[in-house]
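Visitor: The following file, work-v2.pdb, comprises PDB, C-alpha atoms and all ligand atoms:
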```
ATOM      1  CA  MET O   1       0.000   0.000   0.000
ATOM      2  CA  LEU O   2       2.772   2.426   0.932
ATOM      3  CA  VAL O   3       4.844   1.575  -2.168
ATOM      4  CA  GLY O   4       1.810   2.121  -4.473
ATOM      5  CA  GLY O   5       0.976   5.345  -2.674
ATOM      6  CA  SER O   6       4.439   6.904  -2.645
ATOM      7  CA  ASP O   7       5.373   6.489  -6.332
ATOM      8  CA  THR O   8       2.016   7.729  -7.561
ATOM      9  CA  SER O   9       2.090  10.766  -5.256
ATOM     10  CA  SER O  10       5.702  11.738  -5.967
ATOM     11  CA  ASN O  11       5.221  11.336  -9.737
ATOM     12  CA  THR O  12       2.158  13.598  -9.489
ATOM     13  CA  VAL O  13       4.192  16.268  -7.657
ATOM     14  CA  GLU O  14       6.932  16.032 -10.306
ATOM     15  CA  PHE O  15       4.471  16.376 -13.218
ATOM     16  CA  ALA O  16       2.658  19.238 -11.456
ATOM     17  CA  MET O  17       5.924  21.111 -10.851
ATOM     18  CA  ALA O  18       6.863  20.683 -14.519
ATOM     19  CA  GLU O  19       3.446  21.983 -15.637
ATOM     20  CA  ILE O  20       3.662  24.922 -13.203
ATOM     21  CA  MET O  21       7.177  25.828 -14.373
ATOM     22  CA  HIS O  22       6.076  25.521 -17.991
ATOM     23  CA  LYS O  23       3.511  28.316 -17.511
ATOM     24  CA  PRO O  24       4.825  31.300 -15.530
ATOM     25  CA  GLU O  25       1.273  32.714 -15.261
ATOM     26  CA  VAL O  26       0.210  29.527 -13.432
ATOM     27  CA  MET O  27       3.234  29.754 -11.091
ATOM     28  CA  LYS O  28       2.331  33.412 -10.364
ATOM     29  CA  ARG O  29      -1.321  32.612  -9.696
ATOM     30  CA  VAL O  30      -0.418  29.764  -7.306
ATOM     31  CA  GLN O  31       2.048  32.040  -5.494
ATOM     32  CA  ASP O  32      -0.514  34.867  -5.258
ATOM     33  CA  GLU O  33      -3.067  32.459  -3.800
ATOM     34  CA  LEU O  34      -0.504  31.194  -1.261
ATOM     35  CA  GLU O  35       0.501  34.711  -0.291
ATOM     36  CA  GLY O  36      -3.144  35.546   0.452
ATOM     37  CA  VAL O  37      -3.758  32.411   2.520
ATOM     38  CA  VAL O  38      -0.381  31.606   4.110
ATOM     39  CA  GLY O  39       1.375  34.988   4.009
ATOM     40  CA  LYS O  40       4.955  35.811   3.072
ATOM     41  CA  ASP O  41       6.185  35.391   6.667
ATOM     42  CA  ASN O  42       4.776  31.915   7.198
ATOM     43  CA  MET O  43       5.237  28.331   6.206
ATOM     44  CA  VAL O  44       2.431  26.247   4.717
ATOM     45  CA  GLU O  45       0.463  24.171   7.231
ATOM     46  CA  GLU O  46      -2.116  21.459   6.710
ATOM     47  CA  SER O  47      -4.880  23.836   7.842
ATOM     48  CA  HIS O  48      -4.204  26.069   4.810
ATOM     49  CA  LEU O  49      -4.776  23.350   2.219
ATOM     50  CA  HIS O  50      -8.578  23.541   1.971
ATOM     51  CA  LYS O  51      -8.322  27.295   1.250
ATOM     52  CA  LEU O  52      -6.295  26.828  -1.963
ATOM     53  CA  PRO O  53      -8.845  26.171  -4.749
ATOM     54  CA  TYR O  54      -6.503  27.170  -7.569
ATOM     55  CA  LEU O  55      -3.750  24.820  -6.371
ATOM     56  CA  LEU O  56      -6.339  22.020  -6.138
ATOM     57  CA  ALA O  57      -7.320  22.826  -9.743
ATOM     58  CA  VAL O  58      -3.621  22.513 -10.712
ATOM     59  CA  MET O  59      -3.496  19.069  -9.057
ATOM     60  CA  LYS O  60      -6.689  17.970 -10.836
ATOM     61  CA  GLU O  61      -5.430  19.194 -14.216
ATOM     62  CA  THR O  62      -2.104  17.415 -13.627
ATOM     63  CA  LEU O  63      -3.954  14.156 -12.902
ATOM     64  CA  ARG O  64      -6.094  14.649 -16.019
ATOM     65  CA  LEU O  65      -3.099  14.939 -18.341
ATOM     66  CA  HIS O  66      -0.801  12.615 -16.397
ATOM     67  CA  PRO O  67      -2.873  10.087 -14.425
ATOM     68  CA  THR O  68      -0.089   8.226 -12.629
ATOM     69  CA  VAL O  69      -1.945   4.881 -12.832
ATOM     70  CA  PRO O  70      -2.832   5.248 -16.544
ATOM     71  CA  LEU O  71      -4.644   1.910 -17.013
ATOM     72  CA  LEU O  72      -5.952   1.703 -13.428
ATOM     73  CA  VAL O  73      -5.364  -1.725 -11.868
ATOM     74  CA  PRO O  74      -6.614  -4.754 -13.825
ATOM     75  CA  HIS O  75     -10.259  -5.581 -13.121
ATOM     76  CA  CYS O  76     -12.002  -8.925 -13.572
ATOM     77  CA  PRO O  77     -15.785  -9.238 -14.028
ATOM     78  CA  SER O  78     -17.343 -11.930 -11.811
ATOM     79  CA  GLU O  79     -20.144 -12.360 -14.395
ATOM     80  CA  ALA O  80     -20.242 -12.035 -18.201
ATOM     81  CA  THR O  81     -21.405  -8.574 -19.175
ATOM     82  CA  SER O  82     -21.691  -6.336 -22.220
ATOM     83  CA  THR O  83     -20.814  -2.734 -22.795
ATOM     84  CA  GLY O  84     -20.741  -0.552 -25.917
ATOM     85  CA  GLY O  85     -21.788  -3.553 -28.037
ATOM     86  CA  TYR O  86     -18.935  -5.755 -26.797
ATOM     87  CA  THR O  87     -19.333  -8.872 -24.688
ATOM     88  CA  ILE O  88     -16.889  -9.158 -21.823
ATOM     89  CA  PRO O  89     -16.663 -12.778 -20.655
ATOM     90  CA  LYS O  90     -16.565 -13.657 -16.983
ATOM     91  CA  GLY O  91     -12.974 -13.772 -15.720
ATOM     92  CA  SER O  92     -11.541 -11.464 -18.445
ATOM     93  CA  ARG O  93      -8.702  -9.173 -17.515
ATOM     94  CA  VAL O  94      -9.979  -5.645 -18.110
ATOM     95  CA  PHE O  95      -7.788  -2.557 -18.320
ATOM     96  CA  VAL O  96      -9.450   0.866 -18.367
ATOM     97  CA  ASN O  97      -7.431   3.430 -20.307
ATOM     98  CA  VAL O  98      -8.116   6.468 -18.152
ATOM     99  CA  TRP O  99      -5.148   8.248 -19.782
ATOM    100  CA  ALA O 100      -6.943   8.192 -23.176
ATOM    101  CA  ILE O 101     -10.345   9.127 -21.666
ATOM    102  CA  HIS O 102      -8.741  12.162 -20.017
ATOM    103  CA  ARG O 103      -7.515  13.312 -23.455
ATOM    104  CA  ASP O 104     -10.680  12.515 -25.410
ATOM    105  CA  PRO O 105     -11.542  15.568 -27.590
ATOM    106  CA  SER O 106     -15.241  14.692 -27.447
ATOM    107  CA  ILE O 107     -15.135  15.350 -23.679
ATOM    108  CA  TRP O 108     -12.406  17.959 -23.227
ATOM    109  CA  GLU O 109     -11.895  21.239 -25.040
ATOM    110  CA  LYS O 110      -8.261  21.551 -26.202
ATOM    111  CA  PRO O 111      -7.505  18.257 -24.427
ATOM    112  CA  LEU O 112      -3.723  18.403 -24.829
ATOM    113  CA  GLU O 113      -3.433  21.862 -23.303
ATOM    114  CA  SER O 114      -2.763  22.206 -19.583
ATOM    115  CA  ASP O 115      -5.352  24.642 -18.201
ATOM    116  CA  PRO O 116      -6.194  24.430 -14.471
ATOM    117  CA  GLU O 117      -9.080  26.889 -15.046
ATOM    118  CA  ARG O 118     -11.246  24.034 -16.305
ATOM    119  CA  PHE O 119     -11.275  22.571 -12.793
ATOM    120  CA  LEU O 120     -12.193  25.746 -10.951
ATOM    121  CA  ASP O 121     -15.902  24.943 -10.797
ATOM    122  CA  ALA O 122     -16.868  22.160  -8.419
ATOM    123  CA  LYS O 123     -18.066  19.869 -11.230
ATOM    124  CA  TRP O 124     -15.102  17.491 -11.080
ATOM    125  CA  ASP O 125     -13.960  15.565  -8.039
ATOM    126  CA  PHE O 126     -11.960  12.428  -7.264
ATOM    127  CA  CYS O 127     -14.974  10.261  -6.347
ATOM    128  CA  GLY O 128     -14.990   8.321  -9.620
ATOM    129  CA  ASN O 129     -18.704   8.888 -10.282
ATOM    130  CA  ASP O 130     -18.105  10.621 -13.625
ATOM    131  CA  PHE O 131     -16.489   8.407 -16.250
ATOM    132  CA  SER O 132     -14.954  11.429 -17.978
ATOM    133  CA  TYR O 133     -12.536  12.046 -15.092
ATOM    134  CA  PHE O 134     -11.452   9.378 -12.605
ATOM    135  CA  PRO O 135      -7.680   9.414 -11.936
ATOM    136  CA  PHE O 136      -8.190   7.375  -8.740
ATOM    137  CA  GLY O 137     -10.427   4.770 -10.374
ATOM    138  CA  SER O 138     -14.047   4.141  -9.516
ATOM    139  CA  GLY O 139     -16.408   1.895  -7.630
ATOM    140  CA  ARG O 140     -15.550  -0.785  -5.093
ATOM    141  CA  ARG O 141     -11.826  -0.834  -5.923
ATOM    142  CA  ILE O 142     -11.333   2.934  -6.027
ATOM    143  CA  CYS O 143      -8.043   4.101  -4.512
ATOM    144  CA  VAL O 144      -8.263   3.944  -0.724
ATOM    145  CA  GLY O 145      -5.509   6.561  -0.408
ATOM    146  CA  ILE O 146      -7.353   9.566  -1.917
ATOM    147  CA  PRO O 147      -7.454  11.672   1.288
ATOM    148  CA  MET O 148      -3.763  11.038   1.938
ATOM    149  CA  ALA O 149      -2.815  11.582  -1.735
ATOM    150  CA  GLU O 150      -4.736  14.853  -1.880
ATOM    151  CA  ARG O 151      -3.210  16.211   1.332
ATOM    152  CA  SER O 152       0.353  15.105   0.626
ATOM    153  CA  VAL O 153       0.452  16.267  -3.024
ATOM    154  CA  LEU O 154      -1.094  19.658  -2.128
ATOM    155  CA  TYR O 155       1.187  20.072   0.882
ATOM    156  CA  PHE O 156       4.362  19.340  -1.107
ATOM    157  CA  LEU O 157       3.338  21.571  -4.004
ATOM    158  CA  ALA O 158       2.228  24.424  -1.764
ATOM    159  CA  THR O 159       5.466  24.318   0.243
ATOM    160  CA  LEU O 160       7.724  24.102  -2.833
ATOM    161  CA  VAL O 161       6.000  26.932  -4.722
ATOM    162  CA  HIS O 162       5.470  29.176  -1.682
ATOM    163  CA  MET O 163       9.047  29.013  -0.445
ATOM    164  CA  PHE O 164      10.925  29.107  -3.763
ATOM    165  CA  ASN O 165      10.879  30.342  -7.324
ATOM    166  CA  TRP O 166      11.837  27.536  -9.698
ATOM    167  CA  THR O 167      13.760  27.621 -12.964
ATOM    168  CA  VAL O 168      15.352  25.058 -15.272
ATOM    169  CA  PRO O 169      19.175  25.007 -15.382
ATOM    170  CA  GLU O 170      20.684  27.476 -17.844
ATOM    171  CA  GLY O 171      20.589  26.242 -21.444
ATOM    172  CA  GLU O 172      18.169  23.371 -20.694
ATOM    173  CA  LYS O 173      14.594  22.978 -21.963
ATOM    174  CA  LEU O 174      11.695  21.847 -19.841
ATOM    175  CA  ASP O 175      10.463  18.460 -21.015
ATOM    176  CA  ILE O 176       7.062  17.094 -19.997
ATOM    177  CA  SER O 177       7.034  13.839 -21.968
ATOM    178  CA  GLU O 178       5.903  10.647 -20.278
ATOM    179  CA  LYS O 179       7.210   7.129 -19.831
ATOM    180  CA  PHE O 180       4.484   4.497 -19.715
ATOM    181  CA  GLY O 181       4.364   1.620 -17.266
ATOM    182  CA  ILE O 182       2.091   0.403 -14.483
ATOM    183  CA  THR O 183       2.723   3.865 -13.129
ATOM    184  CA  LEU O 184       3.298   6.861 -15.381
ATOM    185  CA  LYS O 185       6.598   8.701 -14.883
ATOM    186  CA  LYS O 186       8.322  11.657 -16.438
ATOM    187  CA  LYS O 187      10.545  10.380 -19.262
ATOM    188  CA  ILE O 188      13.321  12.737 -18.189
ATOM    189  CA  PRO O 189      13.447  13.450 -14.442
ATOM    190  CA  LEU O 190      12.760  17.079 -13.598
ATOM    191  CA  VAL O 191      15.815  19.123 -12.644
ATOM    192  CA  ALA O 192      14.831  22.486 -11.159
ATOM    193  CA  ILE O 193      16.758  25.228  -9.408
ATOM    194  CA  PRO O 194      15.143  26.831  -6.339
ATOM    195  CA  THR O 195      15.580  30.468  -5.345
ATOM    196  CA  PRO O 196      14.200  31.493  -1.924
ATOM    197  CA  ARG O 197      11.322  33.980  -2.177
ATOM    198  CA  LEU O 198      10.200  34.543   1.429
ATOM    199  CA  SER O 199      11.324  37.607   3.329
ATOM    200  CA  ASN O 200      12.303  35.881   6.593
ATOM    201  CA  PRO O 201      15.568  33.868   6.272
ATOM    202  CA  ASP O 202      14.789  32.027   9.548
ATOM    203  CA  LEU O 203      12.065  30.114   7.709
ATOM    204  CA  TYR O 204      14.787  28.320   5.727
ATOM    205  CA  GLN O 205      16.741  27.103   8.814
TER     206      GLN O 205
HETATM  207  C1  LIG O 301      -1.733  10.787  -6.672
HETATM  208  C2  LIG O 301      -1.669   9.664  -5.964
HETATM  209  C3  LIG O 301      -2.432   8.402  -6.277
HETATM  210  C4  LIG O 301      -3.066   8.008  -7.435
HETATM  211  C5  LIG O 301      -3.172   8.750  -8.768
HETATM  212  C6  LIG O 301      -3.661   6.703  -7.167
HETATM  213  C7  LIG O 301      -4.419   5.994  -8.084
HETATM  214  C8  LIG O 301      -4.960   4.744  -7.842
HETATM  215  C9  LIG O 301      -5.730   4.010  -8.801
HETATM  216  C10 LIG O 301      -6.092   4.482 -10.212
HETATM  217  C11 LIG O 301      -6.094   2.835  -8.229
HETATM  218  C12 LIG O 301      -6.920   1.711  -8.890
HETATM  219  C13 LIG O 301      -8.411   2.010  -8.789
HETATM  220  C14 LIG O 301      -9.246   1.224  -9.760
HETATM  221  O1  LIG O 301      -8.727   0.360 -10.471
HETATM  222  O2  LIG O 301     -10.466   1.470  -9.856
HETATM  223  C15 LIG O 301      -5.535   2.822  -6.892
HETATM  224  C16 LIG O 301      -5.690   1.785  -5.990
HETATM  225  C17 LIG O 301      -5.140   1.787  -4.728
HETATM  226  N1  LIG O 301      -4.437   2.819  -4.127
HETATM  227 FE1  LIG O 301      -3.974   4.602  -4.961
HETATM  228  N2  LIG O 301      -3.373   6.339  -5.881
HETATM  229  C18 LIG O 301      -2.628   7.335  -5.294
HETATM  230  C19 LIG O 301      -2.174   7.375  -3.990
HETATM  231  C20 LIG O 301      -2.360   6.388  -3.060
HETATM  232  C21 LIG O 301      -1.950   6.463  -1.665
HETATM  233  C22 LIG O 301      -1.278   7.680  -1.007
HETATM  234  C23 LIG O 301      -2.284   5.256  -1.087
HETATM  235  C24 LIG O 301      -2.113   4.761   0.304
HETATM  236  C25 LIG O 301      -1.432   5.339   1.262
HETATM  237  C26 LIG O 301      -2.912   4.447  -2.120
HETATM  238  C27 LIG O 301      -3.378   3.166  -1.933
HETATM  239  C28 LIG O 301      -4.073   2.418  -2.864
HETATM  240  C29 LIG O 301      -4.578   1.059  -2.635
HETATM  241  C30 LIG O 301      -4.406   0.217  -1.362
HETATM  242  C31 LIG O 301      -5.252   0.664  -3.802
HETATM  243  C32 LIG O 301      -5.973  -0.663  -4.082
HETATM  244  C33 LIG O 301      -7.450  -0.520  -3.695
HETATM  245  C34 LIG O 301      -8.243  -1.799  -3.978
HETATM  246  O3  LIG O 301      -7.874  -2.560  -4.877
HETATM  247  O4  LIG O 301      -9.253  -2.025  -3.297
HETATM  248  N3  LIG O 301      -2.953   5.164  -3.288
HETATM  249  N4  LIG O 301      -4.854   4.000  -6.673
END
```
Is it possible to express this structure as structure tokens?
Ligand code: HEM
Guide:
Amino acid sequence: MLVGGSDTSSNTVEFAMAEIMHKPEVMKRVQDELEGVVGKDNMVEESHLHKLPYLLAVMKETLRLHPTVPLLVPHCPSEATSTGGYTIPKGSRVFVNVWAIHRDPSIWEKPLESDPERFLDAKWDFCGNDFSYFPFGSGRRICVGIPMAERSVLYFLATLVHMFNWTVPEGEKLDISEKFGITLKKKIPLVAIPTPRLSNPDLYQ
């Protein structure tokens, strides 16, 4: 449980940081939100997390484009069933390609573009009840770690972006391509340079 939970969460933080760094206006908006809620003389605490709707939208958009369990876990129907005109025999191994659903142009406008704005209304959540967006799966076998994943990803992101500005090393280009597997990773690990941005140096001790 802990192994499954740590890779998926850390890969989500890495993809989210890459997406944030790719769009300076997103970085600025996250930092403005954090300044309003946390303040420039404070560190992020768990109690701040539910007051950061834009950062939550960034996490949701990251999990739309880069769902870190792209085919969910294999499912196996206990009875023969049919869906979309196909018969699925009892005992089949079924993979659900949530990665492709999250990029389906019949559901999403400009599906390949990262735009956290689309998650600012409360329409989308992680409950798996809408088969257009379900990065944590759905139904009886839905991820049991959603509350922990949500808190830990938001806490890491909020702390990283509040305390530092981030840039890619001189002469390098930011790459957001993916490497497929049971879990989805960045093809090239993110290398980012932090510069402190808070006024009180004691906060970095
Ligand atoms: C961003 C982070 C995470 C993502 C994207 C994620 C995603 C998923 C997905 C897609 C499934 C399969 C659901 C299905 O097939 O319907 C799953 C199952 C599971 N996840 Fe997560 N997960 C994350 C974090 C965590 C954490 C932090 C924990 C625990 C501490 C955890 C524990 C589990 C367990 C135990 C299952 C199996 C549930 C079952 O089969 O009944 N996950 N997760």
Visitor: Given the file shown, determine the residues that the PyMOL selection byres (((chain O and resi 15-29) around 10) and not hetatm) selects; report them as a PyMOL selection string.
Guide: chain O and resi 10-14+30-35+54-55+58-63+65-68+114-117+153+157+160-162+165-168+173-178+184-186+189-192
Visitor: Give as a compact mmCIF listing (two decimals) with C-alpha atoms, keeping the file's coordinate frame the residues surrounding ligand LIG 301 (chain O) up to a distance of 9 Å, considering only C-alpha atoms and all ligand atoms.
Guide:
```
# COMPACT_ATOMS: atom_id res chain seq x y z
CA MET O 1 0.00 0.00 0.00
CA LEU O 2 2.77 2.43 0.93
CA VAL O 3 4.84 1.58 -2.17
CA GLY O 4 1.81 2.12 -4.47
CA GLY O 5 0.98 5.34 -2.67
CA SER O 6 4.44 6.90 -2.64
CA ASP O 7 5.37 6.49 -6.33
CA THR O 8 2.02 7.73 -7.56
CA SER O 9 2.09 10.77 -5.26
CA SER O 10 5.70 11.74 -5.97
CA ASN O 11 5.22 11.34 -9.74
CA THR O 12 2.16 13.60 -9.49
CA VAL O 13 4.19 16.27 -7.66
CA MET O 59 -3.50 19.07 -9.06
CA LEU O 63 -3.95 14.16 -12.90
CA HIS O 66 -0.80 12.62 -16.40
CA PRO O 67 -2.87 10.09 -14.42
CA THR O 68 -0.09 8.23 -12.63
CA VAL O 69 -1.94 4.88 -12.83
CA PRO O 70 -2.83 5.25 -16.54
CA LEU O 71 -4.64 1.91 -17.01
CA LEU O 72 -5.95 1.70 -13.43
CA VAL O 73 -5.36 -1.72 -11.87
CA PRO O 74 -6.61 -4.75 -13.82
CA HIS O 75 -10.26 -5.58 -13.12
CA PHE O 95 -7.79 -2.56 -18.32
CA VAL O 96 -9.45 0.87 -18.37
CA VAL O 98 -8.12 6.47 -18.15
CA GLY O 128 -14.99 8.32 -9.62
CA PHE O 134 -11.45 9.38 -12.60
CA PRO O 135 -7.68 9.41 -11.94
CA PHE O 136 -8.19 7.38 -8.74
CA GLY O 137 -10.43 4.77 -10.37
CA SER O 138 -14.05 4.14 -9.52
CA GLY O 139 -16.41 1.90 -7.63
CA ARG O 140 -15.55 -0.78 -5.09
CA ARG O 141 -11.83 -0.83 -5.92
CA ILE O 142 -11.33 2.93 -6.03
CA CYS O 143 -8.04 4.10 -4.51
CA VAL O 144 -8.26 3.94 -0.72
CA GLY O 145 -5.51 6.56 -0.41
CA ILE O 146 -7.35 9.57 -1.92
CA PRO O 147 -7.45 11.67 1.29
CA MET O 148 -3.76 11.04 1.94
CA ALA O 149 -2.82 11.58 -1.74
CA GLU O 150 -4.74 14.85 -1.88
CA SER O 152 0.35 15.10 0.63
CA VAL O 153 0.45 16.27 -3.02
CA THR O 183 2.72 3.86 -13.13
```
Visitor: Quick one: of O:Phe119, O:Glu113, O:Ile88, O:Trp99, who's nearest to Gly181 (chain O), counting only C-alpha atoms?
Guide: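 Among the listed residues, O:Trp99 lies closest to Gly181 (chain O).
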Visitor: Quick one: everything within 8 Å of Arg151 (chain O), counting only C-alpha atoms, minus sequence neighbours fewer than 4 positions away in the same chain. Send it as a PyMOL selection string.
Guide: chain O and resi 46+49+147+155
Visitor: To test your reading of the syntax: which residues would the PyMOL selection byres (((chain O and resi 79) around 8) and not hetatm) return for the file shown? Reply as a ChimeraX atom specification.
Guide: /O:77-78,80-81,89-91
Visitor: Take CA of Arg64 (chain O) and CA of Trp108 (chain O) and report the distance between them in Å, one decimal.
Guide: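 According to the coordinates, CA of Arg64 (chain O) and CA of Trp108 (chain O) are separated by 10.1 Å.
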Visitor: Nearest to Arg103 (chain O) among O:Asn42, O:Thr195, O:Asn200, O:Ser132, with distances taken over only C-alpha atoms: which residue is it?
Guide: O:Ser132
Visitor: Work out how far apart CA of Asp202 (chain O) and CA of Gly36 (chain O) are and give it in Å to one decimal.
Guide: 20.4 Å
Visitor: The PyMOL selection byres (((chain O and resi 163) around 9) and not hetatm) on the file shown: which residues, as a ChimeraX atom specification?
Guide: /O:40,43-44,158-162,164-165,194-198,203-204
Visitor: Grab the CA of Arg93 (chain O) to CA of Asn129 (chain O) distance for me, in Å with one decimal place.
Guide: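 Atom-to-atom, CA of Arg93 (chain O) to CA of Asn129 (chain O), that is 21.9 Å.
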Visitor: Just checking: using all atoms listed in the file, which residue out of O:Phe156, O:Thr87, O:Ile193, O:Val94 ends up closest to Pro169 (chain O)?
Guide: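 For Pro169 (chain O), the nearest of the candidates is O:Ile193.
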Visitor: Please define a box with edges along x, y and z of the file around all atoms of region 136-141 of chain O given in the file, extend it by 3 Å on each side, and return its centre and edge lengths in Å to one decimal, as JSON.
Guide:
```
{"center_x": -12.3, "center_y": 3.3, "center_z": -7.7, "size_x": 14.2, "size_y": 14.2, "size_z": 11.3}
```
Visitor: Find the residue from O:Gln205, O:Leu56, O:Val38, O:His50 that sits nearest to Asp125 (chain O); use all atoms listed in the file when measuring.
Guide: O:Leu56
Visitor: Would you mind writing region 37-45 of chain O with all heavy atoms, as a tab-separated table (two decimals), keeping the file's coordinate frame?
Guide:
```tsv
chain	number	residue	atom	x	y	z
O	37	VAL	N	-3.28	33.35	1.50
O	37	VAL	CA	-3.76	32.41	2.52
O	37	VAL	C	-2.69	32.16	3.60
O	37	VAL	O	-3.00	32.12	4.80
O	37	VAL	CB	-4.16	31.07	1.84
O	37	VAL	CG1	-4.49	30.00	2.88
O	37	VAL	CG2	-5.35	31.29	0.92
O	38	VAL	N	-1.46	31.99	3.18
O	38	VAL	CA	-0.38	31.61	4.11
O	38	VAL	C	0.37	32.85	4.60
O	38	VAL	O	0.72	32.96	5.78
O	38	VAL	CB	0.61	30.63	3.42
O	38	VAL	CG1	1.74	30.23	4.36
O	38	VAL	CG2	-0.12	29.40	2.89
O	39	GLY	N	0.62	33.78	3.67
O	39	GLY	CA	1.38	34.99	4.01
O	39	GLY	C	2.86	34.79	3.75
O	39	GLY	O	3.38	33.66	3.84
O	40	LYS	N	3.54	35.92	3.47
O	40	LYS	CA	4.96	35.81	3.07
O	40	LYS	C	5.88	35.56	4.26
O	40	LYS	O	7.08	35.30	4.08
O	40	LYS	CB	5.38	37.07	2.31
O	40	LYS	CG	5.27	36.86	0.79
O	40	LYS	CD	6.20	37.75	0.01
O	40	LYS	CE	6.88	36.99	-1.11
O	40	LYS	NZ	7.69	37.80	-2.00
O	41	ASP	N	5.34	35.64	5.50
O	41	ASP	CA	6.18	35.39	6.67
O	41	ASP	C	5.89	34.06	7.31
O	41	ASP	O	6.25	33.83	8.46
O	41	ASP	CB	5.94	36.49	7.72
O	41	ASP	CG	6.76	37.72	7.39
O	41	ASP	OD1	7.79	37.56	6.72
O	41	ASP	OD2	6.32	38.82	7.76
O	42	ASN	N	5.22	33.18	6.60
O	42	ASN	CA	4.78	31.92	7.20
O	42	ASN	C	5.07	30.73	6.31
O	42	ASN	O	5.20	30.88	5.10
O	42	ASN	CB	3.25	31.94	7.38
O	42	ASN	CG	2.87	32.54	8.70
O	42	ASN	OD1	3.54	32.29	9.70
O	42	ASN	ND2	1.81	33.33	8.68
O	43	MET	N	5.12	29.57	6.97
O	43	MET	CA	5.24	28.33	6.21
O	43	MET	C	3.86	27.72	6.04
O	43	MET	O	2.96	27.95	6.84
O	43	MET	CB	6.15	27.36	6.95
O	43	MET	CG	7.51	27.95	7.00
O	43	MET	SD	8.83	26.98	7.63
O	43	MET	CE	8.70	25.40	7.05
O	44	VAL	N	3.71	26.90	4.98
O	44	VAL	CA	2.43	26.25	4.72
O	44	VAL	C	2.15	25.22	5.82
O	44	VAL	O	3.04	24.50	6.25
O	44	VAL	CB	2.49	25.52	3.35
O	44	VAL	CG1	1.21	24.75	3.10
O	44	VAL	CG2	2.76	26.51	2.22
O	45	GLU	N	0.89	25.20	6.28
O	45	GLU	CA	0.46	24.17	7.23
O	45	GLU	C	-0.75	23.45	6.66
O	45	GLU	O	-1.42	23.96	5.77
O	45	GLU	CB	0.12	24.81	8.57
O	45	GLU	CG	1.37	25.32	9.25
O	45	GLU	CD	1.10	26.01	10.56
O	45	GLU	OE1	0.02	25.77	11.14
O	45	GLU	OE2	1.96	26.79	10.97
```
